[in-house]
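Shown here: upload-v9.pdb, PDB, C-alpha atoms.
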```pdb
ATOM      1  CA  MET A   1     117.959 114.414  98.900
ATOM      2  CA  GLU A   2     115.647 116.693  96.914
ATOM      3  CA  ASP A   3     115.951 116.258  93.180
ATOM      4  CA  ARG A   4     115.730 120.045  92.606
ATOM      5  CA  LEU A   5     119.090 120.451  94.350
ATOM      6  CA  VAL A   6     120.746 117.923  92.052
ATOM      7  CA  ARG A   7     119.109 119.536  89.019
ATOM      8  CA  ALA A   8     120.421 122.914  90.158
ATOM      9  CA  PHE A   9     123.963 121.509  90.384
ATOM     10  CA  VAL A  10     123.805 120.071  86.860
ATOM     11  CA  ALA A  11     122.286 123.271  85.438
ATOM     12  CA  VAL A  12     125.040 125.505  86.847
ATOM     13  CA  ALA A  13     127.705 123.092  85.593
ATOM     14  CA  ASP A  14     126.138 123.028  82.115
ATOM     15  CA  HIS A  15     125.563 126.790  81.763
ATOM     16  CA  GLY A  16     128.713 127.994  83.483
ATOM     17  CA  THR A  17     127.063 130.867  85.357
ATOM     18  CA  PHE A  18     124.416 131.114  88.039
ATOM     19  CA  GLY A  19     122.498 133.689  86.005
ATOM     20  CA  ALA A  20     122.148 131.493  82.904
ATOM     21  CA  ALA A  21     121.319 128.422  84.980
ATOM     22  CA  ALA A  22     118.662 130.333  86.932
ATOM     23  CA  GLN A  23     117.057 131.445  83.682
ATOM     24  CA  ALA A  24     117.044 127.874  82.338
ATOM     25  CA  LEU A  25     115.442 126.581  85.537
ATOM     26  CA  ALA A  26     112.936 129.460  85.680
ATOM     27  CA  VAL A  27     114.018 130.513  89.180
ATOM     28  CA  THR A  28     115.657 133.645  90.540
ATOM     29  CA  GLN A  29     119.417 133.743  90.871
ATOM     30  CA  PRO A  30     119.276 134.161  94.686
ATOM     31  CA  ALA A  31     116.992 131.119  94.908
ATOM     32  CA  LEU A  32     119.422 129.088  92.808
ATOM     33  CA  THR A  33     122.336 130.214  94.961
ATOM     34  CA  LYS A  34     120.488 129.006  98.066
ATOM     35  CA  GLN A  35     119.834 125.632  96.416
ATOM     36  CA  ILE A  36     123.533 125.141  95.633
ATOM     37  CA  GLN A  37     124.450 126.192  99.158
ATOM     38  CA  ALA A  38     121.909 123.732 100.570
ATOM     39  CA  LEU A  39     123.368 120.935  98.440
ATOM     40  CA  GLU A  40     126.923 121.797  99.497
ATOM     41  CA  ALA A  41     125.859 121.804 103.138
ATOM     42  CA  ARG A  42     124.169 118.441 102.638
ATOM     43  CA  ILE A  43     127.262 116.763 101.148
ATOM     44  CA  GLY A  44     129.772 118.667 103.251
ATOM     45  CA  GLY A  45     131.859 120.112 100.415
ATOM     46  CA  VAL A  46     132.137 122.953  97.888
ATOM     47  CA  LEU A  47     131.012 122.277  94.329
ATOM     48  CA  PHE A  48     131.792 125.587  92.584
ATOM     49  CA  ARG A  49     134.278 128.437  92.738
ATOM     50  CA  ARG A  50     132.689 131.696  91.609
ATOM     51  CA  GLY A  51     134.784 134.247  89.750
ATOM     52  CA  ARG A  52     134.722 136.850  86.988
ATOM     53  CA  LEU A  53     134.436 134.124  84.364
ATOM     54  CA  GLY A  54     131.499 132.421  86.045
ATOM     55  CA  ALA A  55     131.181 129.307  88.179
ATOM     56  CA  ARG A  56     133.984 126.759  87.910
ATOM     57  CA  LEU A  57     133.642 123.217  89.212
ATOM     58  CA  THR A  58     135.871 122.232  92.088
ATOM     59  CA  PRO A  59     137.606 118.842  92.003
ATOM     60  CA  LEU A  60     134.730 117.538  94.148
ATOM     61  CA  GLY A  61     132.208 119.023  91.713
ATOM     62  CA  ARG A  62     133.928 117.440  88.695
ATOM     63  CA  THR A  63     133.937 114.068  90.439
ATOM     64  CA  LEU A  64     130.259 114.220  91.389
ATOM     65  CA  LEU A  65     128.919 115.697  88.137
ATOM     66  CA  PRO A  66     128.647 112.361  86.216
ATOM     67  CA  ASP A  67     126.689 110.842  89.113
ATOM     68  CA  ALA A  68     124.449 113.906  89.246
ATOM     69  CA  ARG A  69     123.767 113.701  85.510
ATOM     70  CA  ASP A  70     122.931 110.019  85.834
ATOM     71  CA  ALA A  71     120.561 110.743  88.724
ATOM     72  CA  VAL A  72     118.755 113.455  86.741
ATOM     73  CA  GLU A  73     118.460 111.201  83.676
ATOM     74  CA  ARG A  74     117.044 108.401  85.801
ATOM     75  CA  LEU A  75     114.549 110.739  87.433
ATOM     76  CA  ASP A  76     113.468 112.063  84.033
ATOM     77  CA  ALA A  77     113.074 108.515  82.716
ATOM     78  CA  PHE A  78     111.076 107.562  85.810
ATOM     79  CA  GLU A  79     108.763 110.539  85.395
ATOM     80  CA  LEU A  80     108.254 109.845  81.689
ATOM     81  CA  ARG A  81     107.511 106.174  82.296
ATOM     82  CA  ALA A  82     105.112 106.994  85.137
ATOM     83  CA  ARG A  83     103.200 109.464  82.985
ATOM     84  CA  ARG A  84     103.013 107.050  80.069
ATOM     85  CA  LEU A  85     101.816 104.263  82.338
ATOM     86  CA  THR A  86      99.062 106.399  83.842
ATOM     87  CA  ALA A  87      98.086 107.480  80.328
ATOM     88  CA  GLY A  88      98.066 103.901  79.041
ATOM     89  CA  GLY A  89     101.047 104.540  76.793
ATOM     90  CA  ALA A  90     103.542 102.009  78.158
ATOM     91  CA  GLY A  91     103.722  98.913  80.297
ATOM     92  CA  ARG A  92     103.106  95.195  79.944
ATOM     93  CA  LEU A  93      99.966  93.076  79.919
ATOM     94  CA  SER A  94      99.681  89.358  80.586
ATOM     95  CA  LEU A  95      96.491  87.899  79.099
ATOM     96  CA  GLY A  96      94.830  84.511  78.837
ATOM     97  CA  PHE A  97      92.274  83.106  76.409
ATOM     98  CA  GLY A  98      90.454  79.871  75.719
ATOM     99  CA  LEU A  99      88.654  77.979  73.000
ATOM    100  CA  SER A 100      85.569  80.200  72.956
ATOM    101  CA  THR A 101      87.640  83.323  72.294
ATOM    102  CA  ILE A 102      90.141  81.863  69.852
ATOM    103  CA  ASP A 103      88.838  84.226  67.173
ATOM    104  CA  ILE A 104      88.606  87.566  68.973
ATOM    105  CA  ALA A 105      91.451  87.382  71.520
ATOM    106  CA  PRO A 106      94.354  87.196  69.024
ATOM    107  CA  ARG A 107      92.756  89.887  66.860
ATOM    108  CA  ALA A 108      92.306  92.161  69.876
ATOM    109  CA  VAL A 109      95.961  91.735  70.820
ATOM    110  CA  ALA A 110      97.115  92.403  67.249
ATOM    111  CA  GLU A 111      95.041  95.578  66.987
ATOM    112  CA  PHE A 112      96.129  96.736  70.439
ATOM    113  CA  ARG A 113      99.793  96.262  69.555
ATOM    114  CA  ARG A 114      99.266  98.294  66.404
ATOM    115  CA  ARG A 115      97.779 101.183  68.368
ATOM    116  CA  HIS A 116     100.008 100.912  71.451
ATOM    117  CA  PRO A 117     103.412  99.606  70.318
ATOM    118  CA  ASP A 118     105.054 100.659  73.603
ATOM    119  CA  ILE A 119     102.959  98.220  75.644
ATOM    120  CA  GLY A 120     104.193  94.640  75.688
ATOM    121  CA  VAL A 121     101.492  91.949  75.555
ATOM    122  CA  THR A 122     101.645  88.207  76.125
ATOM    123  CA  LEU A 123      98.652  86.012  75.244
ATOM    124  CA  ASP A 124      98.567  82.420  76.468
ATOM    125  CA  ASP A 125      96.060  79.644  75.790
ATOM    126  CA  MET A 126      94.663  78.288  79.057
ATOM    127  CA  ALA A 127      91.402  76.932  80.421
ATOM    128  CA  THR A 128      88.943  79.324  82.052
ATOM    129  CA  ALA A 129      89.512  77.751  85.479
ATOM    130  CA  VAL A 130      93.268  78.281  85.170
ATOM    131  CA  GLN A 131      92.769  81.882  84.078
ATOM    132  CA  LEU A 132      90.521  82.626  87.040
ATOM    133  CA  GLU A 133      93.000  81.090  89.463
ATOM    134  CA  ARG A 134      95.889  83.106  88.028
ATOM    135  CA  LEU A 135      93.832  86.296  88.042
ATOM    136  CA  ARG A 136      93.049  85.870  91.720
ATOM    137  CA  ARG A 137      96.733  85.270  92.461
ATOM    138  CA  GLY A 138      97.685  88.425  90.582
ATOM    139  CA  GLU A 139      99.614  86.494  87.919
ATOM    140  CA  LEU A 140      97.359  87.558  85.034
ATOM    141  CA  ASP A 141      96.108  91.036  84.119
ATOM    142  CA  ALA A 142      92.978  89.866  82.315
ATOM    143  CA  GLY A 143      91.474  86.796  80.706
ATOM    144  CA  PHE A 144      89.046  85.945  77.907
ATOM    145  CA  VAL A 145      86.745  83.423  79.582
ATOM    146  CA  ARG A 146      83.411  81.676  79.613
ATOM    147  CA  LEU A 147      80.825  83.435  81.778
ATOM    148  CA  PRO A 148      79.584  83.723  84.454
ATOM    149  CA  VAL A 149      82.405  84.205  86.966
ATOM    150  CA  GLY A 150      82.547  85.180  90.643
ATOM    151  CA  ASP A 151      81.644  88.606  92.016
ATOM    152  CA  ASP A 152      85.298  89.241  92.915
ATOM    153  CA  LEU A 153      86.092  89.955  89.253
ATOM    154  CA  SER A 154      85.069  92.761  86.906
ATOM    155  CA  VAL A 155      83.571  91.703  83.574
ATOM    156  CA  LEU A 156      83.363  93.104  80.066
ATOM    157  CA  GLU A 157      80.876  90.955  78.129
ATOM    158  CA  ILE A 158      81.921  90.651  74.505
ATOM    159  CA  GLY A 159      79.427  88.213  72.996
ATOM    160  CA  ASP A 160      78.274  84.637  73.043
ATOM    161  CA  ASP A 161      79.239  81.244  71.700
ATOM    162  CA  GLN A 162      77.351  78.072  70.878
ATOM    163  CA  LEU A 163      77.833  74.453  69.952
ATOM    164  CA  PHE A 164      77.938  73.223  66.369
ATOM    165  CA  LEU A 165      78.101  69.617  65.268
ATOM    166  CA  ALA A 166      81.006  68.989  62.907
ATOM    167  CA  VAL A 167      80.420  66.059  60.543
ATOM    168  CA  PRO A 168      82.349  64.760  57.522
ATOM    169  CA  ALA A 169      81.325  66.657  54.381
ATOM    170  CA  GLY A 170      79.945  63.507  52.752
ATOM    171  CA  VAL A 171      77.556  62.700  55.615
ATOM    172  CA  ASP A 172      73.853  63.436  55.045
ATOM    173  CA  PRO A 173      72.721  65.912  57.758
ATOM    174  CA  ALA A 174      69.032  65.023  57.346
ATOM    175  CA  PRO A 175      68.813  62.557  60.279
ATOM    176  CA  GLY A 176      69.578  65.385  62.710
ATOM    177  CA  VAL A 177      72.076  65.979  65.503
ATOM    178  CA  ARG A 178      70.903  63.234  67.865
ATOM    179  CA  ALA A 179      70.921  60.526  65.204
ATOM    180  CA  LEU A 180      74.294  61.610  63.815
ATOM    181  CA  ILE A 181      75.987  61.577  67.223
ATOM    182  CA  THR A 182      74.476  58.193  68.048
ATOM    183  CA  ALA A 183      75.379  56.661  64.696
ATOM    184  CA  HIS A 184      78.911  57.993  64.256
ATOM    185  CA  GLY A 185      80.249  58.505  67.786
ATOM    186  CA  LEU A 186      82.158  61.515  69.103
ATOM    187  CA  VAL A 187      85.690  62.790  68.727
ATOM    188  CA  THR A 188      86.321  65.306  71.514
ATOM    189  CA  LEU A 189      88.951  67.418  73.204
ATOM    190  CA  SER A 190      90.620  65.881  76.223
ATOM    191  CA  GLN A 191      89.424  66.926  79.671
ATOM    192  CA  THR A 192      92.817  68.408  80.501
ATOM    193  CA  LYS A 193      92.933  70.563  77.361
ATOM    194  CA  GLY A 194      89.473  72.083  77.612
ATOM    195  CA  PRO A 195      87.730  71.177  80.879
ATOM    196  CA  GLY A 196      85.231  74.028  80.636
ATOM    197  CA  PHE A 197      84.275  73.255  77.062
ATOM    198  CA  VAL A 198      84.113  69.511  77.709
ATOM    199  CA  GLY A 199      81.829  70.254  80.652
ATOM    200  CA  GLN A 200      79.583  72.341  78.392
ATOM    201  CA  VAL A 201      79.350  69.468  75.910
ATOM    202  CA  GLU A 202      78.498  67.017  78.685
ATOM    203  CA  ARG A 203      75.771  69.321  80.044
ATOM    204  CA  TYR A 204      74.212  69.551  76.604
ATOM    205  CA  LEU A 205      74.306  65.791  76.071
ATOM    206  CA  ASP A 206      72.765  65.186  79.505
ATOM    207  CA  ALA A 207      70.062  67.813  78.914
ATOM    208  CA  VAL A 208      68.913  66.248  75.649
ATOM    209  CA  GLY A 209      69.401  62.663  76.825
ATOM    210  CA  ILE A 210      72.098  61.610  74.365
ATOM    211  CA  ARG A 211      74.432  58.817  75.453
ATOM    212  CA  ALA A 212      77.350  59.314  73.104
ATOM    213  CA  ARG A 213      80.160  56.904  72.345
ATOM    214  CA  VAL A 214      83.453  58.764  72.684
ATOM    215  CA  LEU A 215      85.738  57.273  70.050
ATOM    216  CA  GLN A 216      88.808  59.381  70.744
ATOM    217  CA  ARG A 217      89.965  62.345  72.827
ATOM    218  CA  ALA A 218      92.589  64.699  71.360
ATOM    219  CA  ASN A 219      94.761  67.381  72.928
ATOM    220  CA  ASP A 220      94.168  70.027  70.276
ATOM    221  CA  LEU A 221      91.352  71.202  68.064
ATOM    222  CA  GLN A 222      93.271  70.696  64.835
ATOM    223  CA  THR A 223      93.556  66.969  65.554
ATOM    224  CA  VAL A 224      89.849  66.750  66.361
ATOM    225  CA  MET A 225      88.989  68.409  63.041
ATOM    226  CA  ALA A 226      91.395  66.206  61.095
ATOM    227  CA  LEU A 227      89.781  63.095  62.574
ATOM    228  CA  VAL A 228      86.294  64.343  61.703
ATOM    229  CA  ALA A 229      87.370  65.208  58.157
ATOM    230  CA  ALA A 230      88.815  61.697  57.822
ATOM    231  CA  GLY A 231      85.462  60.180  58.787
ATOM    232  CA  VAL A 232      86.471  58.820  62.208
ATOM    233  CA  GLY A 233      83.448  60.390  63.900
ATOM    234  CA  VAL A 234      81.594  63.637  64.543
ATOM    235  CA  SER A 235      82.403  66.364  67.053
ATOM    236  CA  LEU A 236      80.695  69.089  69.059
ATOM    237  CA  VAL A 237      82.664  72.279  68.454
ATOM    238  CA  SER A 238      82.541  75.899  69.587
ATOM    239  CA  ALA A 239      81.098  78.191  66.917
ATOM    240  CA  ARG A 240      83.934  80.687  67.382
ATOM    241  CA  ALA A 241      86.559  77.978  67.107
ATOM    242  CA  ARG A 242      84.796  76.794  63.966
ATOM    243  CA  SER A 243      85.631  80.108  62.308
ATOM    244  CA  VAL A 244      89.385  79.518  62.559
ATOM    245  CA  VAL A 245      89.574  75.743  62.021
ATOM    246  CA  ALA A 246      87.115  75.036  59.259
ATOM    247  CA  PRO A 247      88.489  72.415  56.854
ATOM    248  CA  GLU A 248      86.667  72.189  53.535
ATOM    249  CA  ARG A 249      85.874  68.525  54.184
ATOM    250  CA  ILE A 250      83.636  69.300  57.169
ATOM    251  CA  ARG A 251      79.964  70.269  57.351
ATOM    252  CA  TRP A 252      78.752  72.389  60.275
ATOM    253  CA  LEU A 253      75.318  71.935  61.868
ATOM    254  CA  PRO A 254      74.121  74.557  64.408
ATOM    255  CA  ILE A 255      72.605  73.292  67.650
ATOM    256  CA  ASP A 256      69.594  75.152  69.021
ATOM    257  CA  HIS A 257      69.301  74.402  72.724
ATOM    258  CA  PRO A 258      69.690  76.535  75.898
ATOM    259  CA  THR A 259      72.593  74.415  77.148
ATOM    260  CA  ALA A 260      74.360  74.780  73.798
ATOM    261  CA  ARG A 261      74.874  78.539  74.178
ATOM    262  CA  TRP A 262      76.911  80.613  76.666
ATOM    263  CA  ARG A 263      78.284  84.112  77.195
ATOM    264  CA  ILE A 264      81.951  85.076  76.925
ATOM    265  CA  GLY A 265      83.844  88.083  78.204
ATOM    266  CA  VAL A 266      87.047  89.636  79.471
ATOM    267  CA  VAL A 267      87.569  89.595  83.241
ATOM    268  CA  TRP A 268      90.090  91.280  85.519
ATOM    269  CA  ALA A 269      90.633  92.005  89.226
ATOM    270  CA  ARG A 270      87.683  93.843  90.734
ATOM    271  CA  GLY A 271      87.777  97.614  90.352
ATOM    272  CA  GLU A 272      88.966 100.270  87.937
ATOM    273  CA  PRO A 273      91.509  98.756  85.516
ATOM    274  CA  PRO A 274      95.012 100.269  85.202
ATOM    275  CA  ALA A 275      95.497 102.581  82.233
ATOM    276  CA  ALA A 276      97.173 100.023  79.967
ATOM    277  CA  LEU A 277      94.455  97.445  80.628
ATOM    278  CA  ALA A 278      91.733 100.066  80.184
ATOM    279  CA  ALA A 279      93.190 100.863  76.758
ATOM    280  CA  PHE A 280      93.165  97.162  75.860
ATOM    281  CA  LEU A 281      89.558  96.783  77.015
ATOM    282  CA  ALA A 282      88.556  99.716  74.818
ATOM    283  CA  VAL A 283      90.079  98.012  71.773
ATOM    284  CA  THR A 284      88.403  94.709  72.669
ATOM    285  CA  ARG A 285      85.028  96.395  73.147
ATOM    286  CA  GLU A 286      85.330  97.975  69.715
ATOM    287  CA  LEU A 287      86.239  94.668  68.051
ATOM    288  CA  ALA A 288      83.440  92.849  69.877
ATOM    289  CA  ALA A 289      80.920  95.322  68.476
ATOM    290  CA  GLY A 290      82.258  94.590  64.999
ATOM    291  CA  PHE A 291      81.954  90.844  65.575
ATOM    292  CA  ALA A 292      78.353  91.288  66.715
ATOM    293  CA  ALA A 293      77.525  93.294  63.596
ATOM    294  CA  GLU A 294      79.057  90.586  61.384
ATOM    295  CA  ASN A 295      77.187  87.771  63.138
ATOM    296  CA  HIS A 296      73.850  89.616  63.532
ATOM    297  CA  PRO A 297      73.664  92.061  60.605
ATOM    298  CA  SER A 298      69.905  92.591  60.929
ATOM    299  CA  GLU A 299      70.075  93.761  64.547
TER     300      GLU A 299
END
```
Translate the structure of the given file into C-alpha cells.
Amino acid sequence: MEDRLVRAFVAVADHGTFGAAAQALAVTQPALTKQIQALEARIGGVLFRRGRLGARLTPLGRTLLPDARDAVERLDAFELRARRLTAGGAGRLSLGFGLSTIDIAPRAVAEFRRRHPDIGVTLDDMATAVQLERLRRGELDAGFVRLPVGDDLSVLEIGDDQLFLAVPAGVDPAPGVRALITAHGLVTLSQTKGPGFVGQVERYLDAVGIRARVLQRANDLQTVMALVAAGVGVSLVSARARSVVAPERIRWLPIDHPTARWRIGVVWARGEPPAALAAFLAVTRELAAGFAAENHPSE
C-alpha cells in the first residue's frame, strides 16, 4: 500500500475537510479525493462521510485511524533515521584496538562521541589477528591494528610505534639495551594477550642476536610495569603504551633498529566506508595529525 494514501487519510481526519487537508499536503483537492477513493477501494470500505460540516469519519475510519497514525509515525521515523545514517548522524559502530593504539583509540572514540552523540560506539581490546578475523566476518566495523594487512581491507595510516626498554629507575642505563636485557632478564606480556606484539619483540631479539631469559609472562601491561618497577626484570614495551602506563619508578630507553619500529592504522572492509564510519575516520585522522605534531614538532 502506498504511504501517500495513508497520509491522505490521516490528513483529512486531522483537518476535517478535504480542502484544508489538500492545502496541508500541497496537492489539489481533486487529487486528494482520488487518493481517498483509491484507499477505500483498496480496503473495501468507506472511511469518510462528506457533508456541509466537512468530512466525518465512519465507524471503519475511526477504527483504522490509530493504525494509520502509527504507520505514518513509523514511516517518518524510518525516513529520519535513514537520512541521519546516510549523513553520518546516527547508527552504531563496533571497533577494536590493541596495545599499539592504546593512546589514540580511546581518545578518538571520546572525541567522536562528543561530536556525534547519536552514534553508539563500542571499543574492545583485542589482538590484531582477532580484529582482522572479525572484520572479515563482518562482526567489526573497523579496527586499530598493526600494519601491514591484506589487500582485502582499506587502510587509514595514523602513525608509527616503536619498542622501548623499560628498566627500574635505579638501574644505570649506560651498559646499553643488549647488556641490560642479558643481565636482568625479561618480563613480557603473555602470548595469548598480545601475540602480535610478542612476535614483534621476538623478531627484534632474533635480528640483534639477543637470547633473553624470560622471567615472567603477565596477562596485562599494568602487571608487567609493576614487576619492572619492583626490580624483577626489564621489559620491551610499545612506545604508545608507555605514554599511558608510565610509573615514576621506571626509566625508558628508546631502541633504534628497523625491527623495533612498525606502522599502525585503522582498517575496515574494502571500499567506501558507511557514513558513520567515515565520520569516525575523519575524527581519527585529525587526532593522528595532532599526535604526529606532538611527537615530531620540528617536521
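Among A:Val283, A:Val232, A:Asn219, A:Val245, the residue with the shortest atom-to-atom distance to Arg115 (chain A), counting only C-alpha atoms, is A:Val283.
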Practice problem: Specify as a VMD selection string each residue included when the PyMOL selection byres ((chain A and resi 251-259) around 8) is applied to this file. | Solution: chain A and resid 162 to 169 173 177 200 203 to 204 207 248 to 250 260 to 262
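Distance-wise, CA of Gly194 (chain A) and CA of Val214 (chain A) end up 15.4 Å apart.
The set of residues that the PyMOL selection byres ((chain A and resi 265) around 7) takes from this file is A:Phe144, A:Val145, A:Arg146, A:Leu147, A:Val155, A:Leu156, A:Glu157, A:Ile158, A:Gly159, A:Arg263, A:Ile264, A:Val266, A:Val267.
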Quiz item: Between A:Leu95, A:Ala38, A:Ile104, A:Val171, which one has atoms that come closest to Glu286 (chain A), using only C-alpha atoms?
Solution: A:Ile104
Quiz item: Nearest to Ala105 (chain A): which of A:Thr284, A:Asp141, A:Ser238, A:Gly290 is it, counting only C-alpha atoms?
Solution: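 The shortest atom-to-atom distance to Ala105 (chain A) comes from A:Thr284.
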Exercise. Pick out the closest residue to Leu221 (chain A) from this set: A:Leu53, A:Val121, A:Ala174, A:Gly98. Count all atoms listed in the file.
Key: A:Gly98
Practice problem: Figure out the distance between CA of Leu25 (chain A) and CA of Asp70 (chain A), please, to one decimal in Å. | Solution: 18.2 Å
Quiz prompt | Counting only C-alpha atoms, the residue of A:Ala21, A:Ala108, A:Ala142, A:Val10 that sits nearest Arg62 (chain A) | solution = A:Val10
